[in-house]
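Colleague: Sharing model_38.cif (mmCIF, C-alpha atoms) below.
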data_query
#
loop_
_atom_site.group_PDB
_atom_site.id
_atom_site.type_symbol
_atom_site.label_atom_id
_atom_site.label_comp_id
_atom_site.auth_asym_id
_atom_site.auth_seq_id
_atom_site.Cartn_x
_atom_site.Cartn_y
_atom_site.Cartn_z
ATOM 1 C CA MET A 24 -1.222 17.120 5.669
ATOM 2 C CA VAL A 25 -3.208 15.956 8.665
ATOM 3 C CA GLU A 26 -1.623 13.508 11.072
ATOM 4 C CA ILE A 27 -3.742 11.950 13.768
ATOM 5 C CA ASN A 28 -2.308 10.278 16.843
ATOM 6 C CA PHE A 29 -4.536 7.517 18.203
ATOM 7 C CA LYS A 30 -4.092 6.649 21.879
ATOM 8 C CA CYS A 31 -5.725 4.111 24.122
ATOM 9 C CA ASP A 32 -6.761 5.126 27.654
ATOM 10 C CA ASN A 33 -6.597 1.532 28.892
ATOM 11 C CA CYS A 34 -3.089 0.560 27.762
ATOM 12 C CA ASP A 35 0.074 2.064 26.294
ATOM 13 C CA PHE A 36 -0.996 1.659 22.637
ATOM 14 C CA SER A 37 -0.328 4.698 20.457
ATOM 15 C CA PHE A 38 -0.353 4.979 16.666
ATOM 16 C CA LEU A 39 0.372 7.949 14.380
ATOM 17 C CA ASP A 40 -1.804 7.891 11.250
ATOM 18 C CA LYS A 41 0.077 9.880 8.593
ATOM 19 C CA ASN A 42 -2.651 9.821 5.915
ATOM 20 C CA LEU A 43 -0.480 7.819 3.496
ATOM 21 C CA ILE A 44 -0.529 7.393 -0.263
ATOM 22 C CA PHE A 45 1.742 5.425 -2.575
ATOM 23 C CA TYR A 46 2.881 5.775 -6.148
ATOM 24 C CA LEU A 47 5.304 4.092 -8.515
ATOM 25 C CA ASP A 48 8.168 6.424 -9.410
ATOM 26 C CA THR A 49 9.794 5.342 -12.655
ATOM 27 C CA ASN A 50 11.751 6.661 -15.594
ATOM 28 C CA LEU A 51 10.083 4.102 -17.862
ATOM 29 C CA ASP A 52 7.456 5.822 -19.936
ATOM 30 C CA ASP A 53 6.003 2.999 -21.994
ATOM 31 C CA LEU A 54 3.853 0.217 -20.629
ATOM 32 C CA GLU A 55 5.621 -2.540 -22.534
ATOM 33 C CA SER A 56 8.960 -1.727 -20.849
ATOM 34 C CA ILE A 57 7.360 -1.769 -17.405
ATOM 35 C CA LEU A 58 5.547 -5.057 -18.009
ATOM 36 C CA ASN A 59 8.713 -6.609 -19.485
ATOM 37 C CA PHE A 60 10.694 -5.447 -16.459
ATOM 38 C CA TYR A 61 8.305 -7.327 -14.174
ATOM 39 C CA SER A 62 7.600 -10.327 -16.389
ATOM 40 C CA GLU A 63 10.834 -12.303 -16.015
ATOM 41 C CA ASP A 64 14.278 -11.841 -14.601
ATOM 42 C CA LYS A 65 16.782 -12.044 -17.427
ATOM 43 C CA LYS A 66 19.765 -14.367 -17.049
ATOM 44 C CA ASP A 67 23.099 -13.648 -18.644
ATOM 45 C CA GLU A 68 23.836 -16.633 -20.891
ATOM 46 C CA LYS A 69 27.598 -16.532 -20.179
ATOM 47 C CA ASP A 70 27.645 -16.801 -16.387
ATOM 48 C CA GLY A 71 24.027 -17.697 -15.545
ATOM 49 C CA LYS A 72 23.653 -14.691 -13.224
ATOM 50 C CA TYR A 73 20.710 -12.351 -13.269
ATOM 51 C CA GLU A 74 21.220 -9.064 -15.083
ATOM 52 C CA LYS A 75 20.371 -5.763 -13.506
ATOM 53 C CA ASP A 76 19.733 -2.858 -15.822
ATOM 54 C CA GLU A 77 21.209 0.130 -13.979
ATOM 55 C CA SER A 78 19.507 2.597 -16.334
ATOM 56 C CA ILE A 79 16.021 1.619 -15.146
ATOM 57 C CA HIS A 80 14.625 3.508 -12.178
ATOM 58 C CA LEU A 81 11.635 1.952 -10.391
ATOM 59 C CA GLU A 82 10.693 2.741 -6.835
ATOM 60 C CA LEU A 83 7.542 2.467 -4.769
ATOM 61 C CA ILE A 84 7.137 5.707 -2.812
ATOM 62 C CA GLU A 85 5.064 5.736 0.391
ATOM 63 C CA ASP A 86 4.472 9.197 1.794
ATOM 64 C CA SER A 87 1.952 11.487 3.457
ATOM 65 C CA HIS A 88 -0.842 12.881 1.327
ATOM 66 C CA ASN A 89 -0.121 16.525 0.538
ATOM 67 C CA LYS A 90 -0.327 18.765 -2.546
ATOM 68 C CA GLU A 91 3.147 17.923 -3.862
ATOM 69 C CA ASN A 92 2.714 14.166 -3.404
ATOM 70 C CA SER A 93 -0.817 14.323 -4.787
ATOM 71 C CA ASP A 94 0.592 15.792 -8.007
ATOM 72 C CA LYS A 95 3.209 13.023 -8.209
ATOM 73 C CA MET A 96 0.519 10.442 -7.475
ATOM 74 C CA THR A 97 -1.668 11.793 -10.293
ATOM 75 C CA LYS A 98 1.192 11.556 -12.808
ATOM 76 C CA SER A 99 2.222 8.061 -11.741
ATOM 77 C CA LEU A 100 1.220 4.988 -13.737
ATOM 78 C CA ILE A 101 0.267 3.131 -10.542
ATOM 79 C CA SER A 102 -0.835 4.895 -7.367
ATOM 80 C CA GLY A 103 -3.342 4.681 -4.543
ATOM 81 C CA PHE A 104 -3.986 4.899 -0.839
ATOM 82 C CA LEU A 105 -2.112 3.152 1.957
ATOM 83 C CA TYR A 106 -3.749 2.156 5.242
ATOM 84 C CA GLU A 107 -2.063 0.749 8.348
ATOM 85 C CA ASN A 108 -3.148 -0.985 11.533
ATOM 86 C CA TYR A 109 -1.804 -3.553 13.984
ATOM 87 C CA CYS A 110 -2.994 -7.132 14.029
ATOM 88 C CA PRO A 111 -3.874 -7.969 17.645
ATOM 89 C CA ASP A 112 -3.110 -11.689 17.148
ATOM 90 C CA CYS A 113 0.314 -11.558 15.478
ATOM 91 C CA ASN A 114 1.180 -8.129 16.938
ATOM 92 C CA GLU A 115 2.478 -6.837 13.628
ATOM 93 C CA LEU A 116 1.887 -3.693 11.569
ATOM 94 C CA ILE A 117 -0.216 -4.529 8.516
ATOM 95 C CA LYS A 118 -0.097 -2.302 5.444
ATOM 96 C CA THR A 119 -3.015 -2.322 3.010
ATOM 97 C CA TYR A 120 -2.445 -0.933 -0.469
ATOM 98 C CA VAL A 121 -5.543 0.168 -2.366
ATOM 99 C CA PRO A 122 -4.487 1.080 -5.915
ATOM 100 C CA GLU A 123 -6.662 3.258 -8.063
ATOM 101 C CA ASP A 124 -7.932 1.492 -11.162
ATOM 102 C CA ASN A 125 -6.489 2.647 -14.418
ATOM 103 C CA GLU A 126 -6.913 1.714 -18.039
ATOM 104 C CA LEU A 127 -3.207 0.991 -18.508
ATOM 105 C CA PHE A 128 -2.883 -2.169 -16.408
ATOM 106 C CA THR A 129 -5.170 -5.005 -15.389
ATOM 107 C CA GLN A 130 -5.685 -5.667 -11.687
ATOM 108 C CA GLU A 131 -3.487 -8.768 -12.043
ATOM 109 C CA GLU A 132 -0.654 -6.702 -13.545
ATOM 110 C CA ILE A 133 -0.987 -4.042 -10.849
ATOM 111 C CA GLU A 134 -0.937 -6.707 -8.139
ATOM 112 C CA LYS A 135 2.154 -8.371 -9.640
ATOM 113 C CA ILE A 136 4.038 -5.056 -9.934
ATOM 114 C CA LEU A 137 3.068 -3.904 -6.423
ATOM 115 C CA THR A 138 3.890 -7.266 -4.831
ATOM 116 C CA LYS A 139 7.364 -7.231 -6.374
ATOM 117 C CA GLU A 140 8.010 -3.615 -5.312
ATOM 118 C CA ILE A 141 6.586 -4.036 -1.796
ATOM 119 C CA SER A 142 8.593 -7.235 -1.281
ATOM 120 C CA LYS A 143 11.864 -5.392 -1.997
ATOM 121 C CA ASN A 144 11.543 -3.895 1.486
ATOM 122 C CA PRO A 145 12.605 -6.592 4.006
ATOM 123 C CA ASN A 146 10.134 -5.195 6.578
ATOM 124 C CA ASN A 147 7.212 -6.029 4.263
ATOM 125 C CA GLU A 148 7.790 -9.758 3.797
ATOM 126 C CA LYS A 149 4.232 -10.869 4.605
ATOM 127 C CA ALA A 150 2.726 -7.889 6.392
ATOM 128 C CA PHE A 151 0.795 -6.375 3.521
ATOM 129 C CA LYS A 152 -2.434 -6.784 1.648
ATOM 130 C CA ILE A 153 -3.586 -5.422 -1.712
ATOM 131 C CA LEU A 154 -7.273 -4.582 -2.154
ATOM 132 C CA PHE A 155 -9.046 -3.231 -5.208
ATOM 133 C CA PHE A 156 -12.046 -0.893 -5.258
ATOM 134 C CA ASP A 157 -13.671 0.795 -8.185
ATOM 135 C CA PHE A 158 -13.545 4.245 -6.576
ATOM 136 C CA LYS A 159 -16.118 5.593 -9.025
ATOM 137 C CA LYS A 160 -18.674 2.867 -8.328
ATOM 138 C CA THR A 161 -18.081 2.113 -4.642
ATOM 139 C CA PHE A 162 -19.372 4.455 -1.966
ATOM 140 C CA TYR A 163 -16.935 5.582 0.716
ATOM 141 C CA LYS A 164 -18.947 3.870 3.483
ATOM 142 C CA ASP A 165 -18.824 0.553 1.585
ATOM 143 C CA ARG A 166 -15.048 0.805 1.070
ATOM 144 C CA ARG A 167 -14.626 1.706 4.728
ATOM 145 C CA ASN A 168 -16.786 -1.255 5.788
ATOM 146 C CA ILE A 169 -14.589 -3.648 3.772
ATOM 147 C CA LEU A 170 -11.429 -2.165 5.317
ATOM 148 C CA GLU A 171 -12.848 -2.300 8.862
ATOM 149 C CA ASN A 172 -14.152 -5.885 8.536
ATOM 150 C CA ASN A 173 -11.292 -7.815 7.002
ATOM 151 C CA ASN A 174 -8.594 -10.388 7.844
ATOM 152 C CA CYS A 175 -4.893 -10.242 8.626
ATOM 153 C CA PRO A 176 -2.774 -11.500 5.695
ATOM 154 C CA ASN A 177 -0.393 -13.191 8.184
ATOM 155 C CA CYS A 178 -2.649 -15.130 10.538
ATOM 156 C CA ASN A 179 -6.047 -14.722 8.810
ATOM 157 C CA SER A 180 -7.701 -13.530 12.034
ATOM 158 C CA GLU A 181 -10.424 -10.906 11.803
ATOM 159 C CA MET A 182 -9.137 -7.358 12.061
ATOM 160 C CA SER A 183 -9.679 -3.829 10.866
ATOM 161 C CA LEU A 184 -7.131 -2.843 8.233
ATOM 162 C CA VAL A 185 -7.606 0.816 9.194
ATOM 163 C CA ILE A 186 -7.395 2.545 12.532
ATOM 164 C CA SER A 187 -9.950 5.084 13.693
ATOM 165 C CA GLU A 188 -11.840 6.181 16.772
ATOM 166 C CA LYS A 189 -14.548 3.687 15.706
ATOM 167 C CA THR A 190 -12.219 0.673 15.832
ATOM 168 C CA PRO A 191 -11.126 -0.800 19.163
ATOM 169 C CA CYS A 192 -7.553 -0.715 20.400
ATOM 170 C CA PRO A 193 -5.700 -3.603 18.734
ATOM 171 C CA LYS A 194 -3.861 -4.403 21.982
ATOM 172 C CA CYS A 195 -6.595 -4.422 24.621
ATOM 173 C CA GLY A 196 -9.886 -3.760 22.809
ATOM 174 C CA GLY A 197 -10.477 -0.457 24.633
ATOM 175 C CA PRO A 198 -11.620 2.777 22.988
ATOM 176 C CA LEU A 199 -9.168 4.924 21.038
ATOM 177 C CA LYS A 200 -8.984 8.700 21.219
ATOM 178 C CA GLU A 201 -7.805 11.018 18.458
ATOM 179 C CA GLU A 202 -5.213 13.718 19.098
ATOM 180 C CA PHE A 203 -4.443 16.172 16.297
#
Kindly transcribe the structure held in the file into structure tokens.

Modeller:
Amino acid sequence: MVEINFKCDNCDFSFLDKNLIFYLDTNLDDLESILNFYSEDKKDEKDGKYEKDESIHLELIEDSHNKENSDKMTKSLISGFLYENYCPDCNELIKTYVPEDNELFTQEEIEKILTKEISKNPNNEKAFKILFFDFKKTFYKDRRNILENNNCPNCNSEMSLVISEKTPCPKCGGPLKEEF
């Protein structure tokens, strides 16, 4: 696992890039059960309250990319890469989820499932974006260009969704330096 600390020489901005991935950890093994779980909340007819099935385990895991997590990611029904950067206009951390395409779910289903899971975390109310790439048909430089020239999901201002030595400091616009 490689972590890179980005620091600005002109201001106090510092950001630790942890090389993140995400995957859906679940005990559900058939697609119909997963889609049904996310399709509608089920109300109990007696008291009108929403049921919660305690036997179902669903959790969105965000962690550093390493061998162990890569294996879990490969076995997961939904997984991908997670990028972070700060929006200079709303001064908020923006997370960008880029799921890998799979033949099990449509992009709409993946987006619905991810949005529901991401929104469970109160820190992620609006500060996330979901982008789709066909990793097999899109060159790395083209994916990177889309990530670097994008908009904040909160305020819609132009921003890079990734941080690197090529992107300016989100606070002051100065150059960033990498420290390993």

Colleague: Quick one: distance from CA of Ser142 in chain A to CA of Phe104 in chain A in Å, one decimal?

Modeller: 17.5 Å

Colleague: Figure out the distance between CA of Glu115 in chain A and CA of Ser187 in chain A, please, to one decimal in Å.

Modeller: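 Those two atoms sit 17.2 Å apart.
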
Colleague: The PyMOL selection byres ((chain A and resi 29) around 9) on the file shown: which residues, as a list in words?

Modeller: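 Taken on the displayed file, the PyMOL selection byres ((chain A and resi 29) around 9) yields the residues Ile27, Asn28, Lys30, Cys31, Phe36, Ser37, Phe38, Leu39, Asp40, Ile186, Ser187, Glu188, Leu199, Lys200, Glu201, Glu202 and Phe203 of chain A.
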
Colleague: May I ask for the distance between CA of His80 in chain A and CA of Thr119 in chain A, given in Å to one decimal place?

Modeller: 24.0 Å

Colleague: Determine the nearest neighbour of Cys195 in chain A from the options A:Phe60, A:Phe158, A:Tyr46, A:Tyr109, counting all atoms listed in the file.

Modeller: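 Answer, going by the shortest atom-to-atom distance: A:Tyr109.
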
Colleague: Please, what is the axis-aligned box for every listed atom of range 162-175 of chain A with 8 Å on each side, as centre and edge lengths in Å to one decimal, as AutoDock Vina command-line options?

Modeller:
--center_x -12.1 --center_y -2.4 --center_z 3.4 --size_x 30.5 --size_y 32.0 --size_z 26.8

Colleague: Restricting the calculation to only C-alpha atoms, which member of A:Thr138, A:Asn114, A:Ser102, A:Asn144 is positioned closest to Asn177 in chain A?

Modeller: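 Of all the options, A:Asn114 lies closest to Asn177 in chain A.
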
Colleague: On this file, the PyMOL selection byres ((chain A and resi 134) around 10) gives some set of residues; write that set as JSON, numbers by chain.

Modeller: {"A": [120, 122, 128, 129, 130, 131, 132, 133, 135, 136, 137, 138, 139, 140, 152, 153, 154, 155]}

Colleague: Starting from the displayed file, determine the output of the PyMOL selection byres ((chain A and resi 84) around 9) and express the residue list as a PyMOL selection string.

Modeller: chain A and resi 44-48+82-83+85-86

Colleague: Taking all atoms listed in the file into account, name the residue in A:Glu107, A:Asn125, A:Glu91, A:Leu81 that is nearest to Ser56 in chain A.

Modeller: A:Leu81

Colleague: For Asn172 in chain A, which of A:Ala150, A:Val25, A:Val185, A:Lys160 is the closest residue, counting all atoms listed in the file?

Modeller: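 The closest residue to Asn172 in chain A is A:Val185.
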
Colleague: Using all atoms listed in the file, can you tell me which of A:Leu184, A:Leu127, A:Ile141, A:Ile169 comes closest to Tyr106 in chain A?

Modeller: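 For Tyr106 in chain A, the nearest of the candidates is A:Leu184.
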
Colleague: With all atoms listed in the file as the basis for distance, which of A:Glu55, A:Asp94, A:Glu126, A:Glu181 is at the shortest distance from Asp112 in chain A?

Modeller: A:Glu181

Colleague: Mind listing whatever residues come within 9 Å of the point (0.2, -9.1, 6.1)? Use all atoms listed in the file, file coordinates, and give them as a ChimeraX atom specification.

Modeller: /A:110,115-119,147-152,175-179

Colleague: May I ask you to restore all heavy atoms in range 163-174 of chain A and write the result as an mmCIF file, in the coordinates of the input?

Modeller:
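Final file, result28.cif:
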data_model
loop_
_atom_site.group_PDB
_atom_site.id
_atom_site.type_symbol
_atom_site.label_atom_id
_atom_site.label_comp_id
_atom_site.auth_asym_id
_atom_site.auth_seq_id
_atom_site.Cartn_x
_atom_site.Cartn_y
_atom_site.Cartn_z
ATOM 1 N N TYR A 163 -17.940 5.510 -0.341
ATOM 2 C CA TYR A 163 -16.935 5.582 0.716
ATOM 3 C C TYR A 163 -17.298 4.661 1.881
ATOM 4 O O TYR A 163 -16.448 3.925 2.376
ATOM 5 C CB TYR A 163 -16.788 7.032 1.208
ATOM 6 C CG TYR A 163 -15.898 7.155 2.419
ATOM 7 C CD1 TYR A 163 -14.519 7.173 2.277
ATOM 8 C CD2 TYR A 163 -16.442 7.223 3.706
ATOM 9 C CE1 TYR A 163 -13.692 7.268 3.379
ATOM 10 C CE2 TYR A 163 -15.623 7.318 4.815
ATOM 11 C CZ TYR A 163 -14.253 7.343 4.649
ATOM 12 O OH TYR A 163 -13.439 7.421 5.747
ATOM 13 N N LYS A 164 -18.553 4.686 2.321
ATOM 14 C CA LYS A 164 -18.947 3.870 3.483
ATOM 15 C C LYS A 164 -18.788 2.375 3.196
ATOM 16 O O LYS A 164 -18.455 1.600 4.085
ATOM 17 C CB LYS A 164 -20.366 4.201 3.941
ATOM 18 C CG LYS A 164 -21.455 3.796 2.993
ATOM 19 C CD LYS A 164 -22.826 4.093 3.557
ATOM 20 C CE LYS A 164 -23.866 3.543 2.608
ATOM 21 N NZ LYS A 164 -25.184 3.527 3.147
ATOM 22 N N ASP A 165 -19.004 1.959 1.939
ATOM 23 C CA ASP A 165 -18.824 0.553 1.585
ATOM 24 C C ASP A 165 -17.349 0.168 1.577
ATOM 25 O O ASP A 165 -16.969 -0.908 2.042
ATOM 26 C CB ASP A 165 -19.454 0.258 0.221
ATOM 27 C CG ASP A 165 -20.968 0.444 0.231
ATOM 28 O OD1 ASP A 165 -21.595 0.217 1.283
ATOM 29 O OD2 ASP A 165 -21.517 0.827 -0.819
ATOM 30 N N ARG A 166 -16.500 1.061 1.039
ATOM 31 C CA ARG A 166 -15.048 0.805 1.070
ATOM 32 C C ARG A 166 -14.558 0.730 2.507
ATOM 33 O O ARG A 166 -13.769 -0.143 2.872
ATOM 34 C CB ARG A 166 -14.301 1.907 0.311
ATOM 35 C CG ARG A 166 -14.563 1.937 -1.170
ATOM 36 C CD ARG A 166 -13.609 2.852 -1.918
ATOM 37 N NE ARG A 166 -13.529 4.193 -1.415
ATOM 38 C CZ ARG A 166 -14.152 5.247 -1.930
ATOM 39 N NH1 ARG A 166 -14.922 5.099 -2.988
ATOM 40 N NH2 ARG A 166 -13.997 6.444 -1.417
ATOM 41 N N ARG A 167 -15.029 1.660 3.315
ATOM 42 C CA ARG A 167 -14.626 1.706 4.728
ATOM 43 C C ARG A 167 -15.065 0.435 5.455
ATOM 44 O O ARG A 167 -14.333 -0.118 6.272
ATOM 45 C CB ARG A 167 -15.230 2.954 5.373
ATOM 46 C CG ARG A 167 -14.636 3.310 6.689
ATOM 47 C CD ARG A 167 -13.225 3.805 6.491
ATOM 48 N NE ARG A 167 -12.656 4.109 7.783
ATOM 49 C CZ ARG A 167 -11.508 4.689 7.949
ATOM 50 N NH1 ARG A 167 -10.806 5.047 6.912
ATOM 51 N NH2 ARG A 167 -11.040 4.923 9.135
ATOM 52 N N ASN A 168 -16.273 -0.036 5.167
ATOM 53 C CA ASN A 168 -16.786 -1.255 5.788
ATOM 54 C C ASN A 168 -15.906 -2.460 5.440
ATOM 55 O O ASN A 168 -15.603 -3.289 6.297
ATOM 56 C CB ASN A 168 -18.235 -1.495 5.356
ATOM 57 C CG ASN A 168 -18.850 -2.666 6.073
ATOM 58 O OD1 ASN A 168 -18.692 -2.827 7.283
ATOM 59 N ND2 ASN A 168 -19.558 -3.494 5.332
ATOM 60 N N ILE A 169 -15.473 -2.547 4.179
ATOM 61 C CA ILE A 169 -14.589 -3.648 3.772
ATOM 62 C C ILE A 169 -13.259 -3.556 4.513
ATOM 63 O O ILE A 169 -12.735 -4.559 5.001
ATOM 64 C CB ILE A 169 -14.374 -3.626 2.243
ATOM 65 C CG1 ILE A 169 -15.670 -3.997 1.532
ATOM 66 C CG2 ILE A 169 -13.246 -4.575 1.831
ATOM 67 C CD1 ILE A 169 -15.673 -3.732 0.035
ATOM 68 N N LEU A 170 -12.700 -2.341 4.617
ATOM 69 C CA LEU A 170 -11.429 -2.165 5.317
ATOM 70 C C LEU A 170 -11.555 -2.477 6.807
ATOM 71 O O LEU A 170 -10.654 -3.067 7.404
ATOM 72 C CB LEU A 170 -10.919 -0.734 5.127
ATOM 73 C CG LEU A 170 -10.379 -0.397 3.745
ATOM 74 C CD1 LEU A 170 -10.245 1.100 3.572
ATOM 75 C CD2 LEU A 170 -9.049 -1.088 3.497
ATOM 76 N N GLU A 171 -12.676 -2.089 7.418
ATOM 77 C CA GLU A 171 -12.848 -2.300 8.862
ATOM 78 C C GLU A 171 -13.194 -3.743 9.214
ATOM 79 O O GLU A 171 -12.959 -4.179 10.330
ATOM 80 C CB GLU A 171 -13.923 -1.358 9.408
ATOM 81 C CG GLU A 171 -13.465 0.080 9.447
ATOM 82 C CD GLU A 171 -14.542 1.050 9.900
ATOM 83 O OE1 GLU A 171 -15.718 0.643 10.063
ATOM 84 O OE2 GLU A 171 -14.209 2.242 10.087
ATOM 85 N N ASN A 172 -13.752 -4.491 8.283
ATOM 86 C CA ASN A 172 -14.152 -5.885 8.536
ATOM 87 C C ASN A 172 -13.411 -6.795 7.580
ATOM 88 O O ASN A 172 -13.962 -7.275 6.597
ATOM 89 C CB ASN A 172 -15.676 -6.029 8.366
ATOM 90 C CG ASN A 172 -16.429 -5.154 9.335
ATOM 91 O OD1 ASN A 172 -16.372 -5.365 10.535
ATOM 92 N ND2 ASN A 172 -17.098 -4.146 8.814
ATOM 93 N N ASN A 173 -12.153 -7.058 7.898
ATOM 94 C CA ASN A 173 -11.292 -7.815 7.002
ATOM 95 C C ASN A 173 -10.471 -8.801 7.814
ATOM 96 O O ASN A 173 -10.725 -9.001 9.000
ATOM 97 C CB ASN A 173 -10.405 -6.858 6.198
ATOM 98 C CG ASN A 173 -10.136 -7.374 4.812
ATOM 99 O OD1 ASN A 173 -9.511 -8.401 4.645
ATOM 100 N ND2 ASN A 173 -10.632 -6.656 3.820
ATOM 101 N N ASN A 174 -9.451 -9.398 7.185
ATOM 102 C CA ASN A 174 -8.594 -10.388 7.844
ATOM 103 C C ASN A 174 -7.128 -10.026 7.685
ATOM 104 O O ASN A 174 -6.727 -9.438 6.683
ATOM 105 C CB ASN A 174 -8.808 -11.783 7.246
ATOM 106 C CG ASN A 174 -10.188 -12.312 7.523
ATOM 107 O OD1 ASN A 174 -10.776 -12.023 8.552
ATOM 108 N ND2 ASN A 174 -10.711 -13.079 6.593
#
